[in-house]
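J.: My structure is in model-v3.txt, and what it holds is compact mmCIF, C-alpha atoms and all ligand atoms:
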# COMPACT_ATOMS: atom_id res chain seq x y z
CA MET A 1 -26.20 -10.67 -11.36
CA SER A 2 -24.51 -7.30 -10.75
CA PRO A 3 -25.00 -4.57 -13.32
CA ASN A 4 -22.06 -3.00 -15.20
CA LEU A 5 -19.86 -6.08 -15.00
CA ASP A 6 -17.84 -4.89 -18.00
CA SER A 7 -16.78 -1.67 -16.34
CA PRO A 8 -13.58 -1.47 -14.27
CA ALA A 9 -13.97 -1.69 -10.50
CA VAL A 10 -12.74 1.90 -10.18
CA GLU A 11 -12.07 4.45 -12.90
CA VAL A 12 -10.88 7.95 -12.04
CA SER A 13 -9.83 10.67 -14.48
CA GLY A 14 -8.87 14.30 -13.97
CA LEU A 15 -9.86 14.15 -10.29
CA VAL A 16 -9.46 17.43 -8.40
CA LYS A 17 -10.29 17.94 -4.73
CA ARG A 18 -9.52 21.10 -2.77
CA TYR A 19 -9.81 21.98 0.90
CA GLY A 20 -9.88 25.78 0.86
CA ASP A 21 -6.54 26.81 -0.66
CA THR A 22 -5.06 23.31 -0.36
CA VAL A 23 -5.19 21.27 -3.55
CA ALA A 24 -5.26 17.76 -2.08
CA VAL A 25 -5.83 15.96 -5.41
CA ASP A 26 -4.69 17.62 -8.60
CA GLY A 27 -5.87 15.96 -11.81
CA LEU A 28 -5.37 12.35 -10.74
CA GLY A 29 -6.25 9.38 -12.93
CA MET A 30 -6.19 5.65 -12.15
CA ARG A 31 -8.01 2.43 -12.90
CA VAL A 32 -8.59 -0.64 -10.77
CA ALA A 33 -9.42 -3.69 -12.89
CA ARG A 34 -12.00 -6.21 -11.64
CA GLY A 35 -10.46 -8.88 -9.45
CA SER A 36 -7.17 -7.03 -9.10
CA VAL A 37 -5.36 -5.31 -6.24
CA LEU A 38 -4.16 -1.74 -6.72
CA ALA A 39 -1.86 -0.17 -4.12
CA LEU A 40 -1.90 3.61 -3.89
CA LEU A 41 1.42 4.82 -2.46
CA GLY A 42 2.54 8.32 -1.54
CA PRO A 43 4.19 10.31 1.24
CA ASN A 44 2.10 11.83 4.05
CA GLY A 45 -0.29 14.39 2.63
CA ALA A 46 0.06 13.14 -0.97
CA GLY A 47 -3.72 12.83 -1.36
CA LYS A 48 -4.28 9.08 -0.92
CA THR A 49 -7.05 9.19 1.69
CA THR A 50 -8.79 12.05 -0.10
CA THR A 51 -8.77 10.07 -3.36
CA VAL A 52 -10.11 6.96 -1.63
CA GLU A 53 -12.81 8.95 0.20
CA VAL A 54 -13.99 10.46 -3.08
CA CYS A 55 -14.23 6.95 -4.55
CA GLU A 56 -16.13 5.80 -1.47
CA GLY A 57 -18.62 8.64 -1.97
CA PHE A 58 -17.76 10.34 1.34
CA LEU A 59 -16.33 13.41 -0.41
CA ARG A 60 -17.53 15.20 -3.53
CA PRO A 61 -14.89 15.96 -6.17
CA ASP A 62 -14.37 19.54 -7.39
CA ALA A 63 -13.62 18.28 -10.89
CA GLY A 64 -13.06 15.06 -12.77
CA ARG A 65 -14.88 11.83 -13.37
CA VAL A 66 -15.16 8.97 -10.88
CA ARG A 67 -16.87 5.65 -11.58
CA VAL A 68 -17.06 2.81 -9.10
CA LEU A 69 -18.44 -0.49 -10.48
CA GLY A 70 -19.71 1.69 -13.32
CA LEU A 71 -21.66 4.02 -11.03
CA ASP A 72 -21.05 7.54 -9.74
CA PRO A 73 -20.30 7.29 -5.98
CA ALA A 74 -21.48 10.87 -5.42
CA THR A 75 -25.02 10.12 -6.63
CA ASP A 76 -25.37 6.31 -6.65
CA GLY A 77 -24.35 5.70 -3.03
CA ALA A 78 -27.45 3.66 -2.20
CA ARG A 79 -26.80 1.24 -5.09
CA LEU A 80 -23.09 0.99 -4.36
CA ARG A 81 -23.16 0.48 -0.59
CA PRO A 82 -24.27 -3.19 -0.68
CA ARG A 83 -21.55 -4.00 -3.24
CA VAL A 84 -18.57 -2.21 -1.68
CA GLY A 85 -16.63 -2.82 1.54
CA VAL A 86 -14.87 0.06 3.28
CA MET A 87 -12.14 -0.12 5.91
CA PRO A 88 -11.41 3.50 6.78
CA GLN A 89 -8.17 4.79 8.29
CA GLY A 90 -8.46 4.64 12.09
CA GLY A 91 -11.49 2.32 12.33
CA GLY A 92 -14.76 4.10 13.06
CA ALA A 93 -17.19 2.55 15.56
CA TYR A 94 -19.32 3.31 18.60
CA PRO A 95 -16.83 3.02 21.51
CA GLY A 96 -19.20 1.08 23.80
CA VAL A 97 -20.41 -1.52 21.31
CA ARG A 98 -19.05 -5.06 21.69
CA ALA A 99 -17.01 -6.58 18.85
CA ALA A 100 -19.54 -9.27 17.88
CA GLU A 101 -22.51 -6.87 18.22
CA MET A 102 -20.88 -4.42 15.89
CA LEU A 103 -20.16 -7.04 13.25
CA ARG A 104 -23.72 -8.40 13.50
CA LEU A 105 -25.12 -4.87 13.06
CA VAL A 106 -23.12 -4.44 9.86
CA ALA A 107 -24.02 -7.95 8.67
CA ALA A 108 -27.72 -7.20 9.19
CA CYS A 109 -27.50 -4.50 6.49
CA ALA A 110 -26.17 -6.94 3.87
CA ALA A 111 -28.32 -9.07 1.56
CA ASN A 112 -26.17 -12.19 1.81
CA PRO A 113 -23.67 -11.70 4.66
CA LEU A 114 -20.89 -14.03 5.74
CA ASP A 115 -21.38 -15.68 9.12
CA PRO A 116 -20.12 -13.07 11.64
CA ASP A 117 -18.93 -15.74 14.10
CA TRP A 118 -16.92 -17.48 11.40
CA LEU A 119 -15.36 -14.15 10.36
CA LEU A 120 -14.44 -13.29 13.95
CA ASP A 121 -12.75 -16.70 14.19
CA VAL A 122 -10.83 -16.24 10.92
CA LEU A 123 -9.59 -12.84 12.07
CA GLY A 124 -8.49 -14.14 15.47
CA LEU A 125 -11.16 -12.17 17.35
CA ALA A 126 -13.18 -15.06 18.79
CA ALA A 127 -11.91 -14.43 22.34
CA ALA A 128 -12.67 -10.71 22.04
CA ARG A 129 -16.26 -11.04 20.80
CA ARG A 130 -17.73 -9.60 24.05
CA THR A 131 -15.08 -6.89 24.44
CA PRO A 132 -16.29 -3.30 23.93
CA TYR A 133 -14.70 -1.64 20.91
CA LYS A 134 -12.83 0.95 22.99
CA ARG A 135 -11.15 -1.83 25.03
CA LEU A 136 -9.83 -3.68 21.97
CA SER A 137 -6.15 -3.19 21.18
CA GLY A 138 -5.31 -1.02 18.15
CA GLY A 139 -4.57 -4.13 16.06
CA GLN A 140 -7.83 -5.80 17.17
CA GLN A 141 -9.81 -2.68 16.24
CA GLN A 142 -8.18 -2.80 12.81
CA ARG A 143 -9.12 -6.46 12.38
CA LEU A 144 -12.71 -5.78 13.45
CA SER A 145 -12.87 -2.91 11.00
CA LEU A 146 -11.66 -5.28 8.27
CA ALA A 147 -14.30 -7.83 9.31
CA CYS A 148 -16.98 -5.14 8.95
CA ALA A 149 -15.70 -4.31 5.46
CA LEU A 150 -15.80 -7.98 4.45
CA VAL A 151 -18.97 -9.28 6.04
CA GLY A 152 -21.26 -8.15 3.19
CA ARG A 153 -19.28 -10.14 0.54
CA PRO A 154 -18.26 -6.99 -1.40
CA GLU A 155 -17.22 -6.94 -5.07
CA LEU A 156 -14.81 -4.13 -4.28
CA LEU A 157 -12.89 -3.35 -1.10
CA PHE A 158 -11.35 -0.04 -0.07
CA LEU A 159 -8.61 -0.56 2.52
CA ASP A 160 -6.95 2.59 3.86
CA GLU A 161 -3.67 1.54 5.54
CA PRO A 162 -5.21 -1.81 6.52
CA THR A 163 -2.28 -3.17 8.52
CA ALA A 164 -1.13 0.02 10.27
CA GLY A 165 -0.50 -0.83 13.92
CA MET A 166 -0.81 -4.59 13.42
CA ASP A 167 1.73 -7.11 14.70
CA PRO A 168 3.54 -9.25 12.09
CA GLN A 169 1.19 -12.22 12.63
CA ALA A 170 -1.94 -10.13 12.05
CA ARG A 171 -0.31 -8.47 9.05
CA ARG A 172 0.40 -11.89 7.47
CA LEU A 173 -3.19 -12.91 8.12
CA VAL A 174 -4.52 -9.80 6.36
CA TRP A 175 -2.17 -10.38 3.44
CA GLU A 176 -3.41 -13.97 3.09
CA LEU A 177 -7.00 -12.78 3.29
CA VAL A 178 -6.49 -10.13 0.60
CA GLY A 179 -4.84 -12.79 -1.61
CA ALA A 180 -7.80 -15.12 -1.11
CA LEU A 181 -10.32 -12.35 -1.87
CA ARG A 182 -8.47 -11.48 -5.06
CA ARG A 183 -8.54 -15.13 -6.14
CA ASP A 184 -12.32 -15.00 -5.56
CA GLY A 185 -12.58 -12.06 -7.97
CA VAL A 186 -12.84 -9.21 -5.43
CA ALA A 187 -11.13 -5.97 -6.50
CA VAL A 188 -9.12 -4.13 -3.85
CA LEU A 189 -7.94 -0.53 -3.69
CA LEU A 190 -5.53 -0.16 -0.79
CA THR A 191 -3.30 2.58 0.50
CA THR A 192 -0.16 1.75 2.42
CA HIS A 193 3.15 3.14 3.59
CA LEU A 194 4.63 -0.36 3.63
CA MET A 195 6.53 -1.10 0.45
CA ASP A 196 6.73 -4.83 1.22
CA GLU A 197 2.94 -4.84 1.59
CA ALA A 198 2.54 -3.25 -1.85
CA GLU A 199 5.04 -5.69 -3.36
CA ALA A 200 3.36 -8.68 -1.72
CA LEU A 201 -0.22 -7.79 -2.59
CA ALA A 202 -0.53 -5.46 -5.54
CA ASP A 203 -1.02 -6.31 -9.20
CA HIS A 204 -0.64 -2.63 -9.95
CA VAL A 205 1.04 0.16 -7.99
CA VAL A 206 0.25 3.87 -8.38
CA ILE A 207 2.68 6.28 -6.72
CA ILE A 208 1.25 9.76 -6.14
CA ASP A 209 2.72 12.98 -4.81
CA HIS A 210 1.12 16.39 -4.42
CA GLY A 211 -2.16 14.89 -5.63
CA ARG A 212 -0.74 13.65 -8.95
CA VAL A 213 0.41 10.32 -10.30
CA VAL A 214 4.22 10.26 -10.53
CA ALA A 215 4.64 6.60 -11.57
CA GLU A 216 2.60 3.48 -12.06
CA GLY A 217 2.99 -0.11 -13.14
CA THR A 218 3.34 -3.58 -11.75
CA PRO A 219 5.84 -3.83 -8.88
CA HIS A 220 8.17 -5.64 -11.32
CA GLU A 221 7.84 -2.92 -13.97
CA LEU A 222 8.53 -0.17 -11.46
CA THR A 223 11.61 -1.84 -10.02
CA SER A 224 13.13 -2.96 -13.32
CA ALA A 225 12.46 0.13 -15.43
CA ASP A 226 16.13 1.10 -15.33
CA ALA A 227 18.16 -2.02 -16.18
CA ASP A 228 21.41 -0.16 -15.47
CA GLU A 229 20.35 0.46 -11.87
CA GLN A 230 21.06 -2.59 -9.78
CA GLN A 231 22.51 -3.12 -6.38
CA LEU A 232 25.23 -5.29 -4.94
CA ARG A 233 24.96 -5.58 -1.18
CA PHE A 234 27.53 -7.20 1.08
CA ARG A 235 28.61 -7.26 4.70
CA ALA A 236 32.15 -6.92 5.97
CA THR A 237 34.14 -5.25 8.77
CA PRO A 238 32.78 -1.73 9.41
CA GLY A 239 34.76 1.30 8.32
CA LEU A 240 36.38 0.05 5.09
CA ASP A 241 37.74 2.90 2.95
CA MET A 242 35.08 3.41 0.28
CA THR A 243 37.20 5.82 -1.73
CA LEU A 244 39.62 2.93 -2.42
CA LEU A 245 36.84 0.57 -3.49
CA ARG A 246 35.27 3.32 -5.58
CA ALA A 247 38.58 3.79 -7.42
CA ALA A 248 38.76 0.04 -8.19
CA LEU A 249 35.25 -0.05 -9.70
CA PRO A 250 34.01 1.16 -13.13
CA GLU A 251 32.99 4.80 -13.32
CA HIS A 252 29.21 4.16 -13.40
CA CYS A 253 29.29 2.50 -9.97
CA GLN A 254 28.49 4.32 -6.73
CA VAL A 255 29.48 2.77 -3.44
CA HIS A 256 28.78 3.59 0.21
CA GLU A 257 28.51 2.09 3.67
CA ALA A 258 24.73 2.23 4.21
CA ALA A 259 25.00 1.14 7.87
CA PRO A 260 28.07 0.02 9.88
CA GLY A 261 29.43 -3.02 8.05
CA ALA A 262 26.64 -2.99 5.40
CA TYR A 263 27.94 -1.92 1.99
CA LEU A 264 26.02 -1.00 -1.14
CA VAL A 265 27.32 -0.76 -4.70
CA GLN A 266 24.89 0.78 -7.20
CA GLY A 267 25.12 0.82 -10.99
CA ARG A 268 25.34 -1.83 -13.70
CA ILE A 269 26.35 -4.88 -11.73
CA ASP A 270 28.09 -7.34 -14.07
CA PRO A 271 30.29 -10.34 -13.20
CA GLN A 272 33.39 -8.11 -13.39
CA VAL A 273 32.01 -5.77 -10.72
CA VAL A 274 31.24 -8.70 -8.40
CA SER A 275 34.71 -10.10 -8.90
CA THR A 276 36.33 -6.67 -8.30
CA VAL A 277 34.45 -6.27 -5.02
CA THR A 278 35.39 -9.71 -3.68
CA ALA A 279 39.02 -9.36 -4.83
CA TRP A 280 39.25 -5.88 -3.26
CA CYS A 281 37.87 -7.22 0.04
CA ALA A 282 40.43 -10.06 -0.09
CA GLN A 283 43.20 -7.49 -0.55
CA GLN A 284 41.96 -5.74 2.59
CA GLY A 285 42.08 -9.08 4.42
CA VAL A 286 38.29 -9.18 4.95
CA LEU A 287 35.63 -11.60 3.75
CA ALA A 288 32.70 -10.14 1.78
CA GLN A 289 29.68 -11.90 3.31
CA GLU A 290 25.98 -12.12 2.40
CA LEU A 291 26.78 -10.93 -1.10
CA GLN A 292 23.55 -10.23 -2.97
CA VAL A 293 22.80 -8.76 -6.39
CA ALA A 294 19.27 -7.38 -6.72
CA ARG A 295 17.11 -4.94 -8.62
CA ARG A 296 16.28 -1.67 -6.95
CA SER A 297 13.59 -2.14 -4.34
CA LEU A 298 10.18 -0.48 -4.54
CA GLU A 299 11.31 1.67 -1.61
CA ASP A 300 14.31 2.94 -3.64
CA VAL A 301 12.00 3.81 -6.54
CA PHE A 302 9.54 5.50 -4.17
CA LEU A 303 12.24 7.58 -2.45
CA ASP A 304 13.83 8.57 -5.77
CA LEU A 305 10.46 9.81 -7.04
CA THR A 306 9.15 11.50 -3.91
CA GLY A 307 12.39 12.64 -2.25
CA ARG A 308 14.21 11.45 0.85
CA GLU A 309 13.51 14.43 3.08
CA LEU A 310 10.83 14.24 5.79
CA ARG A 311 7.54 16.01 4.97
CA SER A 312 6.28 18.57 7.47
N1 LIG B 401 -10.50 17.79 6.08
C1 LIG B 401 -9.45 18.45 5.61
N2 LIG B 401 -9.37 19.79 5.69
C2 LIG B 401 -8.31 20.45 5.20
N3 LIG B 401 -7.24 19.87 4.61
C3 LIG B 401 -7.26 18.54 4.51
C4 LIG B 401 -8.35 17.75 5.00
N4 LIG B 401 -8.08 16.45 4.77
C5 LIG B 401 -6.87 16.42 4.15
N5 LIG B 401 -6.37 17.66 3.99
C6 LIG B 401 -5.12 18.04 3.32
O1 LIG B 401 -5.13 17.48 2.02
C7 LIG B 401 -3.84 16.96 1.68
C8 LIG B 401 -3.97 15.49 1.35
O2 LIG B 401 -4.33 14.78 2.54
P1 LIG B 401 -4.64 13.22 2.55
O3 LIG B 401 -5.12 12.88 3.92
O4 LIG B 401 -5.51 12.88 1.40
O5 LIG B 401 -3.18 12.62 2.31
P2 LIG B 401 -2.64 11.14 2.51
O6 LIG B 401 -1.80 10.85 1.31
O7 LIG B 401 -3.75 10.21 2.79
O8 LIG B 401 -1.71 11.30 3.80
P3 LIG B 401 -1.30 10.25 4.96
O9 LIG B 401 -0.32 9.32 4.34
O10 LIG B 401 -0.66 11.14 5.98
O11 LIG B 401 -2.55 9.58 5.44
C9 LIG B 401 -2.94 17.28 2.85
O12 LIG B 401 -2.28 18.48 2.59
C10 LIG B 401 -3.90 17.43 4.01
O13 LIG B 401 -3.37 18.31 4.98
Hey, can you dump this file as structure tokens for me?
T.:
Amino acid sequence: MSPNLDSPAVEVSGLVKRYGDTVAVDGLGMRVARGSVLALLGPNGAGKTTTVEVCEGFLRPDAGRVRVLGLDPATDGARLRPRVGVMPQGGGAYPGVRAAEMLRLVAACAANPLDPDWLLDVLGLAAARRTPYKRLSGGQQQRLSLACALVGRPELLFLDEPTAGMDPQARRLVWELVGALRRDGVAVLLTTHLMDEAEALADHVVIIDHGRVVAEGTPHELTSADADEQQLRFRATPGLDMTLLRAALPEHCQVHEAAPGAYLVQGRIDPQVVSTVTAWCAQQGVLAQELQVARRSLEDVFLDLTGRELRS
């Protein structure tokens, strides 16, 4: 039986990591419970990879406390390696090695590995088993990297942008796999830029910016924190005069044409607001179609917290 089963899978407090004058991580704290999936979100340069690499033991922190499965990754690497799976950003393999060889090499280091051939099959790589790593497509390299992270039956998985560059089919497959691992009690710390990925997979979301936590909670908590902030979306003829609709709606409502013919009303959406919108459209002689009332999306929350402008 594994030691330290009572401790969280990952526990970080007051983490600081600098590169010269750049403070990449600035007092960050987070906790990944056993058997749960935590998604770490943040704009480019927010400090996600640095945080994950400290937890993986690849980087030493400048300050703070990091415990992985109850151990210190900076000093207990040898004890942690057999229990942790790592899928780094951008793969990481010898370019000439064939897919199946590489997976077998990794499997040989594990005490009780999964069958590499079975794993290649599950990840849709059976036909590519003799292909050298450098000749695999980007998505195939990602899947092989995931296979390498999984083959040792880890208790904890670090996935840094696991589905970047994957086609929708491969992405679905990875999502299903992560769901199955979680049901088997594996903890997962993943970073992603895909809000639907975080919503689909994560029990807990941590949004960071400038190396600090700016919000955290379940996807539901994050998107329903402000009950007065809802959205009414509808489609109609492009170019309707939004100043007229705005004047017909209560003061707390904002309205704009998000894309040609796609309209968005934001505020407290009650039955009266819905009725005003449909009646106003009828007055204009247009039909409001695909009418939908929803909470703010995780992407809205993320953009509100981290800004809408592009980072350099
Ligand atoms: N090896 C390094 N040397 C110097 N600065 C670095 C190094 N690695 C990262 N940084 C800087 O640290 C900050 C955090 O980078 P990090 O890669 O952790 O961010 P990230 O959130 O993972 O970004 P992305 O979403 O683009 O992958 C950035 O300002 C980055 O330029």
J.: Would you mind telling me which residue in A:Leu144, A:Leu232, A:Val213, A:Leu173 lies nearest to ligand LIG 401 (chain B) when using all atoms listed in the file?
T.: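 So, comparing all the options, the nearest one is A:Val213.
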J.: Hey, which residues sit close to ligand LIG 401 (chain B)? Say within 12 Å, counting all atoms listed in the file, and write them as an MDAnalysis selection string.
T.: chainID A and resid 16:26 40:54 58:59 88:90 159:162 164 190:194 207:213 310:312
J.: Nearest to Asp270 of chain A: which of A:Pro250, A:Gly77, A:Gly57, A:Gly217 is it, counting all atoms listed in the file?
T.: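 Smallest separation from Asp270 of chain A among the options: A:Pro250.
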J.: Give me, as a PyMOL selection string, all polymer residues having an atom no more than 12 Å from Asp226 of chain A, counting only C-alpha atoms and skipping those fewer than 3 positions away in the same chain.
T.: chain A and resi 220-223+229-231+266-268+295-297+300-301
J.: Could you work out how far atom CA of Ala39 of chain A lies from atom CA of Asp203 of chain A, giving the answer in Å with one decimal?
T.: 8.0 Å
J.: Could you state the separation of atom CA of Ala279 of chain A and atom CA of Ala259 of chain A in Å, given to one decimal place?
T.: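 These atoms are spaced 21.6 Å apart.
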J.: What's around Gln272 of chain A at 12 Å? Count only C-alpha atoms, leave out sequence neighbours fewer than 4 positions away in its own chain, and write the answer as an mmCIF file with C-alpha atoms, in the coordinates of the input.
T.:
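Ended up saving to selection.cif:
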data_model
loop_
_atom_site.group_PDB
_atom_site.id
_atom_site.type_symbol
_atom_site.label_atom_id
_atom_site.label_comp_id
_atom_site.auth_asym_id
_atom_site.auth_seq_id
_atom_site.Cartn_x
_atom_site.Cartn_y
_atom_site.Cartn_z
ATOM 1 C CA ALA A 248 38.760 0.040 -8.190
ATOM 2 C CA LEU A 249 35.250 -0.050 -9.700
ATOM 3 C CA PRO A 250 34.010 1.160 -13.130
ATOM 4 C CA CYS A 253 29.290 2.500 -9.970
ATOM 5 C CA ARG A 268 25.340 -1.830 -13.700
ATOM 6 C CA THR A 276 36.330 -6.670 -8.300
ATOM 7 C CA VAL A 277 34.450 -6.270 -5.020
ATOM 8 C CA THR A 278 35.390 -9.710 -3.680
ATOM 9 C CA ALA A 279 39.020 -9.360 -4.830
ATOM 10 C CA TRP A 280 39.250 -5.880 -3.260
#
J.: Using only C-alpha atoms, which residue out of A:Val255, A:Val10, A:Ala202, A:Met195 lies closest to Gly179 of chain A?
T.: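 Checking each of A:Val255, A:Val10, A:Ala202, A:Met195 against Gly179 of chain A, counting only C-alpha atoms, the winner is A:Ala202.
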J.: Which residue out of A:Val12, A:Ala110, A:Met30, A:Ala180 has the minimum interatomic distance to Ala63 of chain A when all atoms listed in the file are used?
T.: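 Closest to Ala63 of chain A, using all atoms listed in the file: A:Val12.
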J.: Atom CA of Pro95 of chain A and atom CA of Asn112 of chain A, how far apart in Å?
T.: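 Distance reported for this atom pair: 26.6 Å.
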J.: Find the residues around Lys134 of chain A up to 7 Å (all atoms listed in the file counted), leave out those fewer than 2 positions away in its own chain, and share them as a list of chain:residue names.
T.: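 With the cut-off at 7 Å, the set is A:Pro95, A:Gly96, A:Pro132, A:Leu136.
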J.: Rank nothing, just name the residue among A:Cys281, A:Leu298, A:Arg98, A:Val293 nearest to Pro219 of chain A, using only C-alpha atoms.
T.: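 Ranked by minimum distance to Pro219 of chain A, first place goes to A:Leu298.
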J.: Check the smallest atom-to-atom distance from each of A:Leu201, A:Gly85, A:Arg183, A:Ala99 to Val151 of chain A using all atoms listed in the file, then report the winner.
T.: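 Smallest separation from Val151 of chain A among the options: A:Gly85.
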J.: So that I can check the surroundings of Leu177 of chain A, please list as a ChimeraX atom specification every protein, DNA and RNA residue that reaches within 12 Å of it, counting all atoms listed in the file and ignoring chain neighbours fewer than 4 positions away.
T.: /A:119,122-123,143,146-147,150,157,162-163,170-173,181-184,186,188,201
J.: Could you take the residues named above and write them with C-alpha atoms, as a PDB file, in the coordinates of the input?
T.:
ATOM      1  CA  LEU A 119     -15.360 -14.150  10.360  1.00  0.00           C
ATOM      2  CA  VAL A 122     -10.830 -16.240  10.920  1.00  0.00           C
ATOM      3  CA  LEU A 123      -9.590 -12.840  12.070  1.00  0.00           C
ATOM      4  CA  ARG A 143      -9.120  -6.460  12.380  1.00  0.00           C
ATOM      5  CA  LEU A 146     -11.660  -5.280   8.270  1.00  0.00           C
ATOM      6  CA  ALA A 147     -14.300  -7.830   9.310  1.00  0.00           C
ATOM      7  CA  LEU A 150     -15.800  -7.980   4.450  1.00  0.00           C
ATOM      8  CA  LEU A 157     -12.890  -3.350  -1.100  1.00  0.00           C
ATOM      9  CA  PRO A 162      -5.210  -1.810   6.520  1.00  0.00           C
ATOM     10  CA  THR A 163      -2.280  -3.170   8.520  1.00  0.00           C
ATOM     11  CA  ALA A 170      -1.940 -10.130  12.050  1.00  0.00           C
ATOM     12  CA  ARG A 171      -0.310  -8.470   9.050  1.00  0.00           C
ATOM     13  CA  ARG A 172       0.400 -11.890   7.470  1.00  0.00           C
ATOM     14  CA  LEU A 173      -3.190 -12.910   8.120  1.00  0.00           C
ATOM     15  CA  LEU A 181     -10.320 -12.350  -1.870  1.00  0.00           C
ATOM     16  CA  ARG A 182      -8.470 -11.480  -5.060  1.00  0.00           C
ATOM     17  CA  ARG A 183      -8.540 -15.130  -6.140  1.00  0.00           C
ATOM     18  CA  ASP A 184     -12.320 -15.000  -5.560  1.00  0.00           C
ATOM     19  CA  VAL A 186     -12.840  -9.210  -5.430  1.00  0.00           C
ATOM     20  CA  VAL A 188      -9.120  -4.130  -3.850  1.00  0.00           C
ATOM     21  CA  LEU A 201      -0.220  -7.790  -2.590  1.00  0.00           C
TER      22      LEU A 201
END
J.: Which centre and which edge lengths, in Å to one decimal, describe the axis-aligned box that holds all listed atoms of segment 266-279 of chain A after 6 Å is added on each side, as JSON?
T.:
{"center_x": 32.0, "center_y": -4.8, "center_z": -8.9, "size_x": 26.1, "size_y": 23.2, "size_z": 22.4}
J.: Quick one: residues within 9 Å of Leu291 of chain A, only C-alpha atoms, excluding same-chain residues fewer than 3 positions away - as a PDB file with C-alpha atoms, in the coordinates of the input?
T.:
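part_37.pdb written:
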ATOM      1  CA  LEU A 232      25.230  -5.290  -4.940  1.00  0.00           C
ATOM      2  CA  ARG A 233      24.960  -5.580  -1.180  1.00  0.00           C
ATOM      3  CA  PHE A 234      27.530  -7.200   1.080  1.00  0.00           C
ATOM      4  CA  ARG A 235      28.610  -7.260   4.700  1.00  0.00           C
ATOM      5  CA  VAL A 274      31.240  -8.700  -8.400  1.00  0.00           C
ATOM      6  CA  ALA A 288      32.700 -10.140   1.780  1.00  0.00           C
TER       7      ALA A 288
END
